[in-house]
file input-v1.cif (mmCIF, C-alpha atoms and all ligand atoms)
data_coords
loop_
_atom_site.label_atom_id
_atom_site.label_comp_id
_atom_site.auth_asym_id
_atom_site.auth_seq_id
_atom_site.Cartn_x
_atom_site.Cartn_y
_atom_site.Cartn_z
CA MET A 1 114.06 116.88 94.11
CA THR A 2 115.11 113.41 93.06
CA ASN A 3 118.12 113.35 90.78
CA ASN A 4 117.93 111.47 87.48
CA HIS A 5 120.58 108.98 88.50
CA SER A 6 118.51 107.53 91.35
CA GLN A 7 115.05 108.13 89.91
CA PHE A 8 114.56 104.50 89.02
CA ALA A 9 117.17 102.91 91.27
CA ILE A 10 116.17 99.77 93.10
CA TRP A 11 117.76 101.04 96.29
CA VAL A 12 116.94 104.53 97.49
CA SER A 13 118.03 106.86 100.27
CA VAL A 14 115.93 107.77 103.28
CA GLY A 15 115.54 111.25 101.76
CA GLU A 16 114.02 109.75 98.63
CA VAL A 17 111.68 107.61 100.71
CA ALA A 18 110.64 110.73 102.63
CA GLU A 19 110.17 112.71 99.44
CA ARG A 20 108.07 110.04 97.76
CA THR A 21 105.97 108.94 100.73
CA GLY A 22 105.50 112.32 102.40
CA LEU A 23 106.72 110.88 105.69
CA SER A 24 109.33 112.55 107.83
CA ILE A 25 112.72 110.89 108.09
CA SER A 26 112.09 110.26 111.78
CA ALA A 27 108.82 108.49 110.90
CA ILE A 28 110.64 106.30 108.39
CA HIS A 29 113.23 105.38 110.98
CA PHE A 30 110.41 104.68 113.44
CA TYR A 31 108.79 102.24 111.01
CA GLU A 32 112.17 100.65 110.46
CA ARG A 33 112.74 100.25 114.21
CA LYS A 34 109.32 98.61 114.39
CA GLY A 35 110.45 96.11 111.76
CA LEU A 36 107.97 97.15 109.08
CA ILE A 37 110.65 98.14 106.59
CA HIS A 38 114.28 97.22 106.22
CA SER A 39 117.38 98.86 104.83
CA ILE A 40 120.90 97.88 103.97
CA ARG A 41 124.06 99.95 104.32
CA ASN A 42 125.99 101.01 101.25
CA GLU A 43 129.78 101.35 101.07
CA SER A 44 129.51 104.81 102.66
CA ASN A 45 127.49 103.33 105.52
CA HIS A 46 124.35 105.16 104.41
CA ARG A 47 120.99 103.39 104.64
CA ARG A 48 119.49 102.25 101.38
CA TYR A 49 115.90 101.04 101.14
CA PRO A 50 114.42 98.83 98.45
CA ARG A 51 112.21 100.90 96.20
CA VAL A 52 109.23 98.75 97.20
CA THR A 53 109.45 100.59 100.54
CA PHE A 54 107.34 103.34 98.93
CA ARG A 55 104.50 100.88 98.54
CA ILE A 56 104.99 99.17 101.87
CA LEU A 57 104.84 102.46 103.75
CA SER A 58 101.79 103.56 101.80
CA ILE A 59 100.05 100.33 102.72
CA VAL A 60 101.14 100.69 106.34
CA ARG A 61 99.57 104.16 106.50
CA VAL A 62 96.34 103.02 104.86
CA ALA A 63 96.14 99.97 107.11
CA GLN A 64 96.72 102.13 110.19
CA ASN A 65 93.90 104.41 109.06
CA ALA A 66 91.71 101.32 108.69
CA GLY A 67 92.37 100.53 112.34
CA TYR A 68 95.10 97.92 112.16
CA THR A 69 97.86 98.07 114.73
CA LEU A 70 101.49 98.15 113.73
CA GLU A 71 101.89 94.66 115.18
CA GLN A 72 99.05 93.33 113.00
CA ILE A 73 100.51 95.02 109.93
CA LYS A 74 103.98 93.71 110.75
CA ALA A 75 102.61 90.20 111.11
CA GLU A 76 101.02 90.41 107.66
CA LEU A 77 104.14 91.86 106.08
CA SER A 78 106.26 89.19 107.73
CA SER A 79 104.42 86.59 105.68
CA LEU A 80 105.96 88.01 102.52
CA PRO A 81 108.93 85.97 101.35
CA ASP A 82 111.18 88.80 100.18
CA ARG A 83 110.29 92.39 100.87
CA ALA A 84 112.89 93.68 98.44
CA ALA A 85 111.14 91.94 95.56
CA ILE A 86 107.45 91.66 96.32
CA THR A 87 105.51 90.14 93.47
CA LYS A 88 101.97 90.73 92.30
CA GLN A 89 101.09 87.34 93.82
CA ASP A 90 102.53 88.46 97.17
CA TRP A 91 100.36 91.57 97.15
CA GLY A 92 97.40 89.40 96.21
CA ARG A 93 97.97 87.11 99.19
CA LEU A 94 98.36 90.08 101.50
CA SER A 95 95.18 91.76 100.31
CA ALA A 96 93.25 88.48 100.50
CA HIS A 97 94.16 88.21 104.18
CA TRP A 98 92.77 91.66 104.84
CA ARG A 99 89.80 91.48 102.49
CA ASP A 100 87.54 89.39 104.74
CA ASP A 101 88.36 91.44 107.80
CA LEU A 102 87.83 94.71 105.94
CA ASN A 103 84.52 93.48 104.58
CA GLN A 104 83.48 92.63 108.12
CA LYS A 105 84.47 96.09 109.33
CA ILE A 106 82.60 97.74 106.46
CA GLU A 107 79.52 95.70 107.29
CA GLN A 108 79.71 96.66 110.97
CA LEU A 109 80.25 100.34 110.22
CA THR A 110 77.36 100.30 107.77
CA LEU A 111 75.11 98.73 110.40
CA LEU A 112 76.24 101.28 112.95
CA ARG A 113 75.69 104.17 110.52
CA ASP A 114 72.23 102.92 109.58
CA ASN A 115 71.20 102.38 113.18
CA MET A 116 72.64 105.52 114.75
CA THR A 117 69.14 106.88 115.33
CA GLU A 118 67.88 103.65 116.90
CA CYS A 119 68.24 102.37 120.44
CA ILE A 120 71.41 100.30 120.71
CA GLY A 121 70.67 98.99 124.19
CA CYS A 122 73.61 100.76 125.80
CA GLY A 123 71.91 101.79 129.02
CA CYS A 124 71.78 105.52 128.29
CA LEU A 125 67.94 105.57 128.06
CA SER A 126 68.34 108.85 126.18
CA MET A 127 65.79 108.26 123.44
CA GLU A 128 62.06 107.67 123.45
CA LYS A 129 62.48 104.24 121.94
CA CYS A 130 64.81 103.14 124.76
CA ALA A 131 61.85 102.87 127.11
CA LEU A 132 60.29 100.36 124.74
CA VAL A 133 63.37 98.40 123.81
CA ASN A 134 65.33 98.63 127.04
CA PRO A 135 62.98 99.64 129.87
CA ASP A 136 64.88 100.39 133.08
CA ASP A 137 67.99 99.14 131.29
CA ILE A 138 66.97 95.52 131.62
CA LEU A 139 69.57 94.63 129.02
CA SER A 140 72.33 95.42 131.54
CA ARG A 141 71.49 92.06 133.13
CA GLN A 142 72.86 90.41 129.98
CA GLY A 143 76.24 92.06 130.39
CA PRO A 144 78.03 95.33 129.69
CA GLY A 145 78.14 97.31 126.48
CA PRO A 146 75.55 97.98 123.81
CA HIS A 147 73.36 95.02 122.88
CA PHE A 148 72.21 95.94 119.38
CA VAL A 149 75.44 96.74 117.59
CA PRO A 150 77.80 94.35 115.89
CA GLN A 151 80.49 92.78 118.02
CA GLU A 152 83.99 94.14 117.77
CA PRO A 153 85.98 92.49 115.03
CA SER A 154 88.00 89.53 116.17
CA GLU A 155 91.77 90.02 116.15
S1 LIG B 1 70.28 104.13 123.03
FE1 LIG B 1 71.13 103.70 124.95
S2 LIG B 1 69.62 102.47 125.92
FE2 LIG B 1 68.70 103.05 124.07
#

call {"tool": "encode", "arguments": {"input": "input-v1.cif", "output": "structure tokens"}}
result
Amino acid sequence: MTNNHSQFAIWVSVGEVAERTGLSISAIHFYERKGLIHSIRNESNHRRYPRVTFRILSIVRVAQNAGYTLEQIKAELSSLPDRAAITKQDWGRLSAHWRDDLNQKIEQLTLLRDNMTECIGCGCLSMEKCALVNPDDILSRQGPGPHFVPQEPSE
């Protein structure tokens, strides 16, 4: 339980970060070692995190679920001028960077979902339509992989 004194403090302990984000303390330290979040030491040499760490870690988790690597997320976060005082404009810039890529991923996943029952030219020849679209796997001459699905997103 968070005590009243620190409830709205700008700097919070690792326990408070864990309590608010639902992450384990070891996970928080892992993200810190990876350079995604930062702490300072107080006079008792205890780590203190800026309160915005709650939001940063939430975004890290969502971005990971969306398929971004920690390195990609770190690169985006590194573009922020001051992670202890991230403004609405900073968040806007960050989300704008991801918006186009996320839209592309959504489009690709939608195409994949809508064409799951169609031949994708992968060489499996497992469906009736494959014999029409890809007889004897002629598409393999054009290279590996499926030939009728969107390309992987660029990095
Ligand atoms: S689905 Fe694999 S070749 Fe048609």

call {"tool": "residues_near_ligand", "arguments": {"input": "input-v1.cif", "ligand": "ligand LIG 1 (chain B)", "cutoff": "12 Å", "atoms": "only C-alpha atoms and all ligand atoms", "output": "ChimeraX atom specification"}}
result
/A:115-140,144-149

call {"tool": "atom_distance", "arguments": {"input": "input-v1.cif", "atom1": "CA of Phe54 in chain A", "atom2": "CA of Asp101 in chain A"}}
result
24.1 Å

call {"tool": "closest_residue", "arguments": {"input": "input-v1.cif", "among": "A:Glu16, A:Ala96, A:Gly67, A:Lys74", "to": "Arg33 in chain A", "atoms": "all atoms listed in the file"}}
result
A:Lys74

call {"tool": "atom_distance", "arguments": {"input": "input-v1.cif", "atom1": "CA of Leu36 in chain A", "atom2": "CA of Ser78 in chain A"}}
result
8.3 Å

call {"tool": "atom_distance", "arguments": {"input": "input-v1.cif", "atom1": "CA of Arg55 in chain A", "atom2": "CA of Thr21 in chain A"}}
result
8.5 Å

call {"tool": "closest_residue", "arguments": {"input": "input-v1.cif", "among": "A:Gly143, A:Leu23, A:Arg113, A:Ile86", "to": "Val52 in chain A", "atoms": "all atoms listed in the file"}}
result
A:Ile86

call {"tool": "residues_around", "arguments": {"input": "input-v1.cif", "residues": "range 87-94 of chain A", "least_positions_apart": "4", "cutoff": "8 Å", "atoms": "all atoms listed in the file", "output": "tab-separated table (two decimals) with C-alpha atoms, keeping the file's coordinate frame"}}
result
chain	number	residue	atom	x	y	z
A	76	GLU	CA	101.02	90.41	107.66
A	77	LEU	CA	104.14	91.86	106.08
A	80	LEU	CA	105.96	88.01	102.52
A	98	TRP	CA	92.77	91.66	104.84

call {"tool": "closest_residue", "arguments": {"input": "input-v1.cif", "among": "A:Thr110, A:Ala75, A:Val12, A:Asp100", "to": "Arg41 in chain A", "atoms": "all atoms listed in the file"}}
result
A:Val12

call {"tool": "closest_residue", "arguments": {"input": "input-v1.cif", "among": "A:Ser13, A:Arg51, A:Leu70, A:Arg20", "to": "Gly35 in chain A", "atoms": "only C-alpha atoms"}}
result
A:Leu70

call {"tool": "closest_residue", "arguments": {"input": "input-v1.cif", "among": "A:Ser95, A:Glu19, A:Glu43, A:Asn65", "to": "Ser79 in chain A", "atoms": "all atoms listed in the file"}}
result
A:Ser95

call {"tool": "residues_near_point", "arguments": {"input": "input-v1.cif", "point": "(91.7, 98.5, 105.3)", "cutoff": "10 Å", "atoms": "all atoms listed in the file", "output": "list in words"}}
result
Ile59, Val60, Arg61, Val62, Ala63, Gln64, Asn65, Ala66, Gly67, Tyr68, Ser95, Trp98, Arg99, Asp101, Leu102, Asn103, Lys105 and Ile106 of chain A

call {"tool": "closest_residue", "arguments": {"input": "input-v1.cif", "among": "A:His29, A:Gly22, A:Trp11, A:Ala85", "to": "Tyr49 in chain A", "atoms": "all atoms listed in the file"}}
result
A:Trp11
